[in-house]
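Structure first, commentary second.
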Amino acid sequence: MSSKFQNRWWGWGFRSAVMLYFIILIVLPILGIYGQSLSAGWQAFADNITEPLAWKSVQLTVIMALIATVINIAIGTMAGWVLIRYRFPGRSLLNSMVDLPFALPTAVAGLMILLLLGPQSPVGHWAEQLGFSILFHRPAIVIAMVFVTFPFVIRAVQPLLEELDPAEEEAAYTMGASKRKTFFRVIFPNMLPGIVSGAMLAFSRALAEFGAVVLVAGNIPGRTLIASVYIFGEIESDNAAGAAAVSVILLTLSFLILWLVNHLQSRRKTA
Amino acid sequence: MRRLWIGLTFLVFALLLGAPVVRIAMGAWDEGWRGFANGLTRPEAVHALAMTGLIVAAVTVINTFFGVIFSMYLVRAAWLGPRLKKLLNSIVDLPFAVSPVIGGLMIVLLLGPDSALGGLLGAAGIKIVYALPGMILATLFVTFPLVIREVMPVLQEIGTQQEEAASMLGAYGWTTFRRVTWPQIRWSVVYGVVLTVARSLGEFGAVLVVSGNILFKTQTATTLVYQDVENFSLTSANAVALVLAAGSVALLLLMEWAKSRQKHV
């Protein structure tokens with residue numbers, strides 16, 4: 001009896017410890033940053049946001065992330081399709097390479113792009129002769145974002161293509177539909193949910209990216225300074241309020257996207 | 001048509017993934033073996049790599065332990081209402097949506113020298129921010145969902161029948177876990193661990209903010225790469241980056257191997 005009683009106390013204490021760990025590690029920091037940025041009132045928050053450099057960095061981040069996402073939708077849909085539908089030598093090698101950007105440290109990814117596109121490299125040299133520069137300019141930001149978010153669309157599209165019932169396609173062919181028509185009327189609608197959720201995750205990841213971008217963007221305030229690097233700069237110069245305000249904007253945007261993705265996925269499951 | 005798509009895919013992979021990896025593998029040898037060896041054996045690199053190893057070890061142990069227990073609670077615990085479980089479940093994903101820099105900022109705001117809690121701990125002589133504990137905390141924050149997201153679906157799939165049978169036959173909680181549950185979730189835990197190791201090996205933004213990147217004290221391998229680049233010593237940066245890249249590629253291959261093995265069994 002007494003051992004059972006002890007056991008229950010033990011269990012209760014253990015549960016509380018685990019929940020406390022969760023609250024301290026995850027919940028408290030997130031609440032803390034919202035609290036910190038709003039602690040001096042709305043006016044101070046608004047001032048921190050509308051500070052020209054801060055606002056410009058947020059704008060730039062959103063635009064660059066959008067461009068990177070569009071590029072990813074195109075190449076991700078294509079690669080997902082090719083890797084599932086075609087059999088060719090080197091296919092499984094390509095398939096395992098897809099996850100490489102997730103595995104590589106972002107600082108290493110940044111260094112790779114820096115070395116590949118720098119002015120001493122053939123690509124950088126060639127671009128300069130054509131009269132534009134990539135490194136330390138906006139194209140480098142987009143390239144870094146595309147690299148880091150590369151797997152999202154592919155990995156979201158692949159399972160949907162695998163699940164797709166061949167009977168649907170065959171039915172379309174037997175009814176005389178052309179290849180092109182079958183793709184756009186039968187296959188593509190089935191891929192679309194994957195493309196959308198993969199693209200949203202890629203967009204949210206691109207918004208948050210720091211390591212790869214900080215090394216290649218040059219970080220010129222107002223021109224190539226993205227939001228996460230702006231936040232880092234504000235922390236370094238001891239302006240925690242400014243950093244927190246921009247963080248809240250980015251966080252809220254990412255949370256909304258995450259919520260939307262979960263919402264879409266759960267709706268798809270029940271449908 | 002078919003040829004065109006396959007060719008295009010190869011081109012994209014070669015340009016976007018192949019070229020950078022080849023470049024970094026070659027770049028480390030720009031100054032020959034000596035340059036590479038010097039980049040790795042300089043004292044700051046040795047210290048930074050040791051620091052990274054320490055963080056990886058600590059984070060992997062803590063994160064795996066809490067991750068497995070937390071997944072059990074989220075799937076099985078009767079003392080959590082279904083609504084609360086749903087809420088907790090969606091909170092688990094939040095670190096994925098948080099920029100690493102912001103994750104670091106959160107810890108600085110909460111436990112930094114200017115905060116109430118940090119001041120209190122500082123008075124007691126415990127330093128968290130700009131020291132190892134803060135860096136471990138930041139990495140724990142970033143890696144929190146990894147084990148849970150691997151283990152939870154498996155727990156949901158296997159159901160409770162076997163566990164109930166075991167406890168009906170008189171097995172205690174721990175025995176049930178060890179003999180019935182563990183063998184079924186083992187592989188998903190391994191995946192979670194591999195992902196955790198890879199992520200904590202490469203964590204940069206959060207650690208940079210929390211550590212202050214102090215040479216010989218809180219510098220990790222990734223923040224050393226960053227500092228080398230800022231100092232324009234690209235070859236040294238390259239040597240350290242190559243080691244990190246090799247580590248993460250090895251982990252990726254390990255994961256592929258484990259997955260293919262599990263499929264065959």
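Residue names in the structure tokens use chain letters A, B, ... in the order shown, residue numbers from 1 in each chain, and ligand numbers from 1 in the order shown.
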Note to self: With only C-alpha atoms considered, list every residue of chain B at most 6 Å from chain A, as number ranges by chain.
What the structure shows: B: 9, 20, 24, 97, 99, 106, 202, 241, 245, 248
Once you have the residues from the selection above, write them out as a PDB file, in the first residue's frame, restricted to C-alpha atoms.
```pdb
ATOM      1  CA  THR B   9      16.165  17.766 -63.190  1.00  0.00           C
ATOM      2  CA  PRO B  20      28.304  23.910 -54.014  1.00  0.00           C
ATOM      3  CA  ILE B  24      33.561  23.246 -50.757  1.00  0.00           C
ATOM      4  CA  ALA B  97       8.383  28.386 -37.325  1.00  0.00           C
ATOM      5  CA  SER B  99      13.792  31.935 -36.863  1.00  0.00           C
ATOM      6  CA  MET B 106      14.078  34.854 -26.621  1.00  0.00           C
ATOM      7  CA  GLY B 202      24.742  22.739 -37.567  1.00  0.00           C
ATOM      8  CA  ALA B 241      32.989  23.749 -42.987  1.00  0.00           C
ATOM      9  CA  ALA B 245      29.501  19.063 -44.134  1.00  0.00           C
ATOM     10  CA  SER B 248      26.009  15.958 -41.841  1.00  0.00           C
TER      11      SER B 248
END
```
Select from segment 16-145 of chain A everything DSSP, run on the backbone, classes as helix (DSSP H, G or I), then give the selection as a PDB file with C-alpha atoms, in the first residue's frame.
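The new file result_9.pdb reads:
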```
ATOM      1  CA  SER A  16       5.048  18.019 -13.426  1.00  0.00           C
ATOM      2  CA  ALA A  17       8.760  18.080 -14.135  1.00  0.00           C
ATOM      3  CA  VAL A  18       8.206  17.158 -17.787  1.00  0.00           C
ATOM      4  CA  MET A  19       5.427  19.712 -18.218  1.00  0.00           C
ATOM      5  CA  LEU A  20       7.537  22.347 -16.495  1.00  0.00           C
ATOM      6  CA  TYR A  21      10.401  21.621 -18.865  1.00  0.00           C
ATOM      7  CA  PHE A  22       8.066  22.109 -21.803  1.00  0.00           C
ATOM      8  CA  ILE A  23       6.678  25.374 -20.434  1.00  0.00           C
ATOM      9  CA  ILE A  24      10.060  26.844 -19.559  1.00  0.00           C
ATOM     10  CA  LEU A  25      11.749  25.786 -22.782  1.00  0.00           C
ATOM     11  CA  ILE A  26       9.029  26.517 -25.346  1.00  0.00           C
ATOM     12  CA  VAL A  27       6.053  28.451 -24.000  1.00  0.00           C
ATOM     13  CA  LEU A  28       7.742  30.993 -21.774  1.00  0.00           C
ATOM     14  CA  PRO A  29      10.294  32.244 -24.339  1.00  0.00           C
ATOM     15  CA  ILE A  30       7.587  32.754 -26.973  1.00  0.00           C
ATOM     16  CA  LEU A  31       5.297  34.589 -24.572  1.00  0.00           C
ATOM     17  CA  GLY A  32       8.309  36.519 -23.327  1.00  0.00           C
ATOM     18  CA  ILE A  33       9.137  37.975 -26.712  1.00  0.00           C
ATOM     19  CA  TYR A  34       5.561  39.153 -27.270  1.00  0.00           C
ATOM     20  CA  GLY A  35       5.535  40.574 -23.761  1.00  0.00           C
ATOM     21  CA  GLN A  36       8.858  42.340 -24.209  1.00  0.00           C
ATOM     22  CA  SER A  37       7.946  43.993 -27.480  1.00  0.00           C
ATOM     23  CA  LEU A  38       4.618  45.260 -26.141  1.00  0.00           C
ATOM     24  CA  GLY A  41       3.039  50.153 -25.065  1.00  0.00           C
ATOM     25  CA  TRP A  42       1.661  50.069 -28.583  1.00  0.00           C
ATOM     26  CA  GLN A  43       3.181  53.385 -29.525  1.00  0.00           C
ATOM     27  CA  ALA A  44       6.722  52.219 -28.821  1.00  0.00           C
ATOM     28  CA  PHE A  45       6.032  48.982 -30.706  1.00  0.00           C
ATOM     29  CA  ALA A  46       4.707  50.893 -33.706  1.00  0.00           C
ATOM     30  CA  ASP A  47       7.707  53.246 -33.614  1.00  0.00           C
ATOM     31  CA  ASN A  48      10.103  50.303 -33.641  1.00  0.00           C
ATOM     32  CA  ILE A  49       8.330  48.756 -36.598  1.00  0.00           C
ATOM     33  CA  THR A  50       7.984  51.894 -38.672  1.00  0.00           C
ATOM     34  CA  PRO A  52      12.603  52.953 -41.947  1.00  0.00           C
ATOM     35  CA  LEU A  53      15.427  50.402 -41.873  1.00  0.00           C
ATOM     36  CA  ALA A  54      13.360  47.906 -39.900  1.00  0.00           C
ATOM     37  CA  TRP A  55      10.373  48.218 -42.188  1.00  0.00           C
ATOM     38  CA  LYS A  56      12.528  47.997 -45.296  1.00  0.00           C
ATOM     39  CA  SER A  57      14.187  44.830 -44.013  1.00  0.00           C
ATOM     40  CA  VAL A  58      10.801  43.211 -43.416  1.00  0.00           C
ATOM     41  CA  GLN A  59       9.606  44.207 -46.893  1.00  0.00           C
ATOM     42  CA  LEU A  60      12.778  42.928 -48.514  1.00  0.00           C
ATOM     43  CA  THR A  61      12.539  39.616 -46.641  1.00  0.00           C
ATOM     44  CA  VAL A  62       8.963  39.032 -47.759  1.00  0.00           C
ATOM     45  CA  ILE A  63       9.729  39.869 -51.407  1.00  0.00           C
ATOM     46  CA  MET A  64      12.894  37.736 -51.536  1.00  0.00           C
ATOM     47  CA  ALA A  65      11.099  34.833 -49.829  1.00  0.00           C
ATOM     48  CA  LEU A  66       8.238  35.101 -52.319  1.00  0.00           C
ATOM     49  CA  ILE A  67      10.608  34.964 -55.294  1.00  0.00           C
ATOM     50  CA  ALA A  68      12.454  32.008 -53.773  1.00  0.00           C
ATOM     51  CA  THR A  69       9.151  30.229 -53.173  1.00  0.00           C
ATOM     52  CA  VAL A  70       8.006  30.704 -56.771  1.00  0.00           C
ATOM     53  CA  ILE A  71      11.306  29.297 -58.038  1.00  0.00           C
ATOM     54  CA  ASN A  72      10.959  26.387 -55.637  1.00  0.00           C
ATOM     55  CA  ILE A  73       7.418  25.652 -56.788  1.00  0.00           C
ATOM     56  CA  ALA A  74       8.667  25.341 -60.372  1.00  0.00           C
ATOM     57  CA  ILE A  75      11.735  23.194 -59.749  1.00  0.00           C
ATOM     58  CA  GLY A  76      10.185  21.286 -56.846  1.00  0.00           C
ATOM     59  CA  THR A  77       7.130  20.228 -58.844  1.00  0.00           C
ATOM     60  CA  MET A  78       9.316  19.172 -61.736  1.00  0.00           C
ATOM     61  CA  ALA A  79      11.814  17.254 -59.599  1.00  0.00           C
ATOM     62  CA  GLY A  80       9.079  15.592 -57.546  1.00  0.00           C
ATOM     63  CA  TRP A  81       7.392  14.455 -60.740  1.00  0.00           C
ATOM     64  CA  VAL A  82      10.553  13.195 -62.400  1.00  0.00           C
ATOM     65  CA  LEU A  83      11.756  11.317 -59.307  1.00  0.00           C
ATOM     66  CA  ILE A  84       8.470   9.456 -58.866  1.00  0.00           C
ATOM     67  CA  ARG A  85       7.334   8.933 -62.449  1.00  0.00           C
ATOM     68  CA  ARG A  91      17.458   8.323 -59.736  1.00  0.00           C
ATOM     69  CA  SER A  92      18.016   7.025 -56.219  1.00  0.00           C
ATOM     70  CA  LEU A  93      21.160   9.143 -55.923  1.00  0.00           C
ATOM     71  CA  LEU A  94      19.178  12.268 -56.778  1.00  0.00           C
ATOM     72  CA  ASN A  95      16.454  11.202 -54.411  1.00  0.00           C
ATOM     73  CA  SER A  96      18.846  10.985 -51.479  1.00  0.00           C
ATOM     74  CA  MET A  97      20.443  14.289 -52.455  1.00  0.00           C
ATOM     75  CA  LEU A 100      21.001  17.581 -48.362  1.00  0.00           C
ATOM     76  CA  PRO A 101      19.982  21.206 -47.672  1.00  0.00           C
ATOM     77  CA  PHE A 102      18.155  20.068 -44.520  1.00  0.00           C
ATOM     78  CA  ALA A 103      21.194  18.170 -43.300  1.00  0.00           C
ATOM     79  CA  THR A 106      23.141  26.760 -42.810  1.00  0.00           C
ATOM     80  CA  ALA A 107      26.457  28.511 -42.231  1.00  0.00           C
ATOM     81  CA  VAL A 108      28.134  25.867 -44.394  1.00  0.00           C
ATOM     82  CA  ALA A 109      25.482  26.392 -47.072  1.00  0.00           C
ATOM     83  CA  GLY A 110      26.211  30.109 -46.950  1.00  0.00           C
ATOM     84  CA  LEU A 111      29.940  29.516 -47.336  1.00  0.00           C
ATOM     85  CA  MET A 112      29.335  27.194 -50.285  1.00  0.00           C
ATOM     86  CA  ILE A 113      27.339  29.827 -52.123  1.00  0.00           C
ATOM     87  CA  LEU A 114      29.888  32.473 -51.208  1.00  0.00           C
ATOM     88  CA  LEU A 115      32.738  30.432 -52.678  1.00  0.00           C
ATOM     89  CA  LEU A 116      30.769  29.459 -55.746  1.00  0.00           C
ATOM     90  CA  LEU A 117      29.565  32.916 -56.691  1.00  0.00           C
ATOM     91  CA  PRO A 122      34.214  31.637 -62.719  1.00  0.00           C
ATOM     92  CA  VAL A 123      30.500  32.296 -62.200  1.00  0.00           C
ATOM     93  CA  GLY A 124      31.072  35.547 -60.357  1.00  0.00           C
ATOM     94  CA  HIS A 125      33.640  36.671 -62.919  1.00  0.00           C
ATOM     95  CA  TRP A 126      31.345  35.889 -65.790  1.00  0.00           C
ATOM     96  CA  ALA A 127      28.405  37.713 -64.182  1.00  0.00           C
ATOM     97  CA  GLU A 128      30.558  40.760 -63.574  1.00  0.00           C
ATOM     98  CA  GLN A 129      31.598  40.873 -67.216  1.00  0.00           C
ATOM     99  CA  ARG A 138      19.818  40.574 -53.955  1.00  0.00           C
ATOM    100  CA  PRO A 139      20.234  37.562 -56.294  1.00  0.00           C
ATOM    101  CA  ALA A 140      22.507  35.964 -53.702  1.00  0.00           C
ATOM    102  CA  ILE A 141      19.746  36.248 -51.086  1.00  0.00           C
ATOM    103  CA  VAL A 142      17.296  34.484 -53.383  1.00  0.00           C
ATOM    104  CA  ILE A 143      19.821  31.755 -54.212  1.00  0.00           C
ATOM    105  CA  ALA A 144      20.541  31.141 -50.530  1.00  0.00           C
ATOM    106  CA  MET A 145      16.814  30.930 -49.766  1.00  0.00           C
TER     107      MET A 145
END
```
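Using only C-alpha atoms, the protein and nucleic acid residues lying no more than 10 Å from Phe70 of chain B, apart from those fewer than 6 places from it along its own chain, are Arg15, Val18, Met19 and Phe22 of chain A; Thr64, Arg76, Ala77, Leu88, Asn89, Val92, Val147, Ile148, Val151 and Met152 of chain B.
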Go ahead and write the selection's residues with C-alpha atoms as an mmCIF file, in the first residue's frame.
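Wrote result_11.cif, looks like this:
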```
data_model
loop_
_atom_site.group_PDB
_atom_site.id
_atom_site.type_symbol
_atom_site.label_atom_id
_atom_site.label_comp_id
_atom_site.auth_asym_id
_atom_site.auth_seq_id
_atom_site.Cartn_x
_atom_site.Cartn_y
_atom_site.Cartn_z
ATOM 1 C CA ARG A 15 4.765 14.542 -14.877
ATOM 2 C CA VAL A 18 8.206 17.158 -17.787
ATOM 3 C CA MET A 19 5.427 19.712 -18.218
ATOM 4 C CA PHE A 22 8.066 22.109 -21.803
ATOM 5 C CA THR B 64 15.729 12.313 -26.685
ATOM 6 C CA ARG B 76 -1.420 8.122 -24.221
ATOM 7 C CA ALA B 77 -1.817 10.168 -21.041
ATOM 8 C CA LEU B 88 0.101 21.120 -26.684
ATOM 9 C CA ASN B 89 0.465 19.231 -29.939
ATOM 10 C CA VAL B 92 5.274 21.453 -30.213
ATOM 11 C CA VAL B 147 12.119 13.431 -31.763
ATOM 12 C CA ILE B 148 8.451 14.046 -30.973
ATOM 13 C CA VAL B 151 7.855 9.077 -32.417
ATOM 14 C CA MET B 152 4.266 10.338 -32.118
#
```
Next item on the list: Excluding segment 52-54 of chain B and any residue of its chain fewer than 2 positions from it, enumerate the residues within 12 Å of it, using only C-alpha atoms, and give them as a VMD selection string.
Entry: chain B and resid 45 to 50 56 to 61 132 to 133 135 to 136 139 197 to 204 207 217 to 224 240 243 to 244 247
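The two atoms in question, atom CA of Val186 of chain A and atom CA of Leu8 of chain B, are spaced 23.4 Å apart.
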Notebook entry, point to check: Near Trp33 of chain B, counting only C-alpha atoms, which residues have an atom at most 12 Å away, once you skip same-chain residues fewer than 6 positions from it, shown as a ChimeraX atom specification?
Noted result: /B:26-27,39-41,235-236,239
Check: By how many Å are atom CA of Phe152 of chain A and atom CA of Phe96 of chain B apart?
Finding: 13.1 Å
Next item on the list: Identify, on the basis of only C-alpha atoms, every residue whose closest approach to Leu192 of chain A does not exceed 10 Å; exclude the query and any residue fewer than 4 positions from it along the same chain; express the result as a list in words.
Entry: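 Result of the neighbour search: Thr77, Ala156, Val157, Leu160, Ile187, Phe188, Val196, Ser197 and Gly198 of chain A.
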Please produce an output containing N, CA and C atoms for each residue in the selection, written as a PDB file, in the first residue's frame.
```
ATOM      1  N   THR A  77       8.168  21.016 -58.176  1.00  0.00           N
ATOM      2  CA  THR A  77       7.130  20.228 -58.844  1.00  0.00           C
ATOM      3  C   THR A  77       7.753  19.347 -59.909  1.00  0.00           C
ATOM      4  N   ALA A 156       6.770  17.262 -50.342  1.00  0.00           N
ATOM      5  CA  ALA A 156       5.316  17.345 -50.165  1.00  0.00           C
ATOM      6  C   ALA A 156       4.589  16.759 -51.370  1.00  0.00           C
ATOM      7  N   VAL A 157       5.191  16.867 -52.552  1.00  0.00           N
ATOM      8  CA  VAL A 157       4.529  16.403 -53.776  1.00  0.00           C
ATOM      9  C   VAL A 157       4.666  14.887 -53.933  1.00  0.00           C
ATOM     10  N   LEU A 160       1.970  12.355 -52.641  1.00  0.00           N
ATOM     11  CA  LEU A 160       0.697  12.482 -53.344  1.00  0.00           C
ATOM     12  C   LEU A 160       0.752  11.772 -54.699  1.00  0.00           C
ATOM     13  N   ILE A 187      -3.837  14.750 -63.118  1.00  0.00           N
ATOM     14  CA  ILE A 187      -2.669  14.600 -62.246  1.00  0.00           C
ATOM     15  C   ILE A 187      -2.403  15.868 -61.449  1.00  0.00           C
ATOM     16  N   PHE A 188      -2.387  16.995 -62.130  1.00  0.00           N
ATOM     17  CA  PHE A 188      -2.028  18.240 -61.460  1.00  0.00           C
ATOM     18  C   PHE A 188      -2.937  18.578 -60.275  1.00  0.00           C
ATOM     19  N   VAL A 196       0.974  23.376 -52.635  1.00  0.00           N
ATOM     20  CA  VAL A 196       0.586  24.523 -51.803  1.00  0.00           C
ATOM     21  C   VAL A 196       1.201  24.416 -50.413  1.00  0.00           C
ATOM     22  N   SER A 197       1.060  23.247 -49.751  1.00  0.00           N
ATOM     23  CA  SER A 197       1.572  23.189 -48.384  1.00  0.00           C
ATOM     24  C   SER A 197       3.100  23.204 -48.383  1.00  0.00           C
ATOM     25  N   GLY A 198       3.719  22.550 -49.366  1.00  0.00           N
ATOM     26  CA  GLY A 198       5.182  22.610 -49.458  1.00  0.00           C
ATOM     27  C   GLY A 198       5.659  24.026 -49.685  1.00  0.00           C
TER      28      GLY A 198
END
```
Notebook entry, point to check: In Å to one decimal, how far is atom CA of Gly134 of chain B from atom CA of Val210 of chain B?
Noted result: 6.2 Å
Next item on the list: Name the residues in contact with Ser188 of chain B at a cut-off of 12 Å, using only C-alpha atoms, excluding same-chain residues fewer than 6 positions from it; report them as a PyMOL selection string.
Entry: chain B and resi 64+67-68+71+146-155+181-182+194-195+255+258-259+262
Could the residues in this selection be written to a file with C-alpha atoms, as a tab-separated table (two decimals), in the first residue's frame?
```tsv
chain	number	residue	atom	x	y	z
B	64	THR	CA	15.73	12.31	-26.69
B	67	GLY	CA	11.03	13.88	-26.51
B	68	VAL	CA	10.11	10.22	-25.95
B	71	SER	CA	5.30	11.89	-27.10
B	146	LEU	CA	12.42	16.55	-33.96
B	147	VAL	CA	12.12	13.43	-31.76
B	148	ILE	CA	8.45	14.05	-30.97
B	149	ARG	CA	7.47	14.35	-34.63
B	150	GLU	CA	9.15	11.03	-35.41
B	151	VAL	CA	7.86	9.08	-32.42
B	152	MET	CA	4.27	10.34	-32.12
B	153	PRO	CA	2.89	8.95	-35.42
B	154	VAL	CA	4.31	5.51	-34.62
B	155	LEU	CA	2.77	5.53	-31.15
B	181	THR	CA	6.35	-0.22	-26.44
B	182	TRP	CA	10.07	0.34	-26.86
B	194	VAL	CA	19.91	11.35	-36.01
B	195	LEU	CA	17.92	14.46	-36.88
B	255	MET	CA	19.35	7.84	-42.05
B	258	ALA	CA	18.33	2.87	-41.52
B	259	LYS	CA	15.18	3.62	-43.48
B	262	GLN	CA	13.61	-0.96	-41.77
```
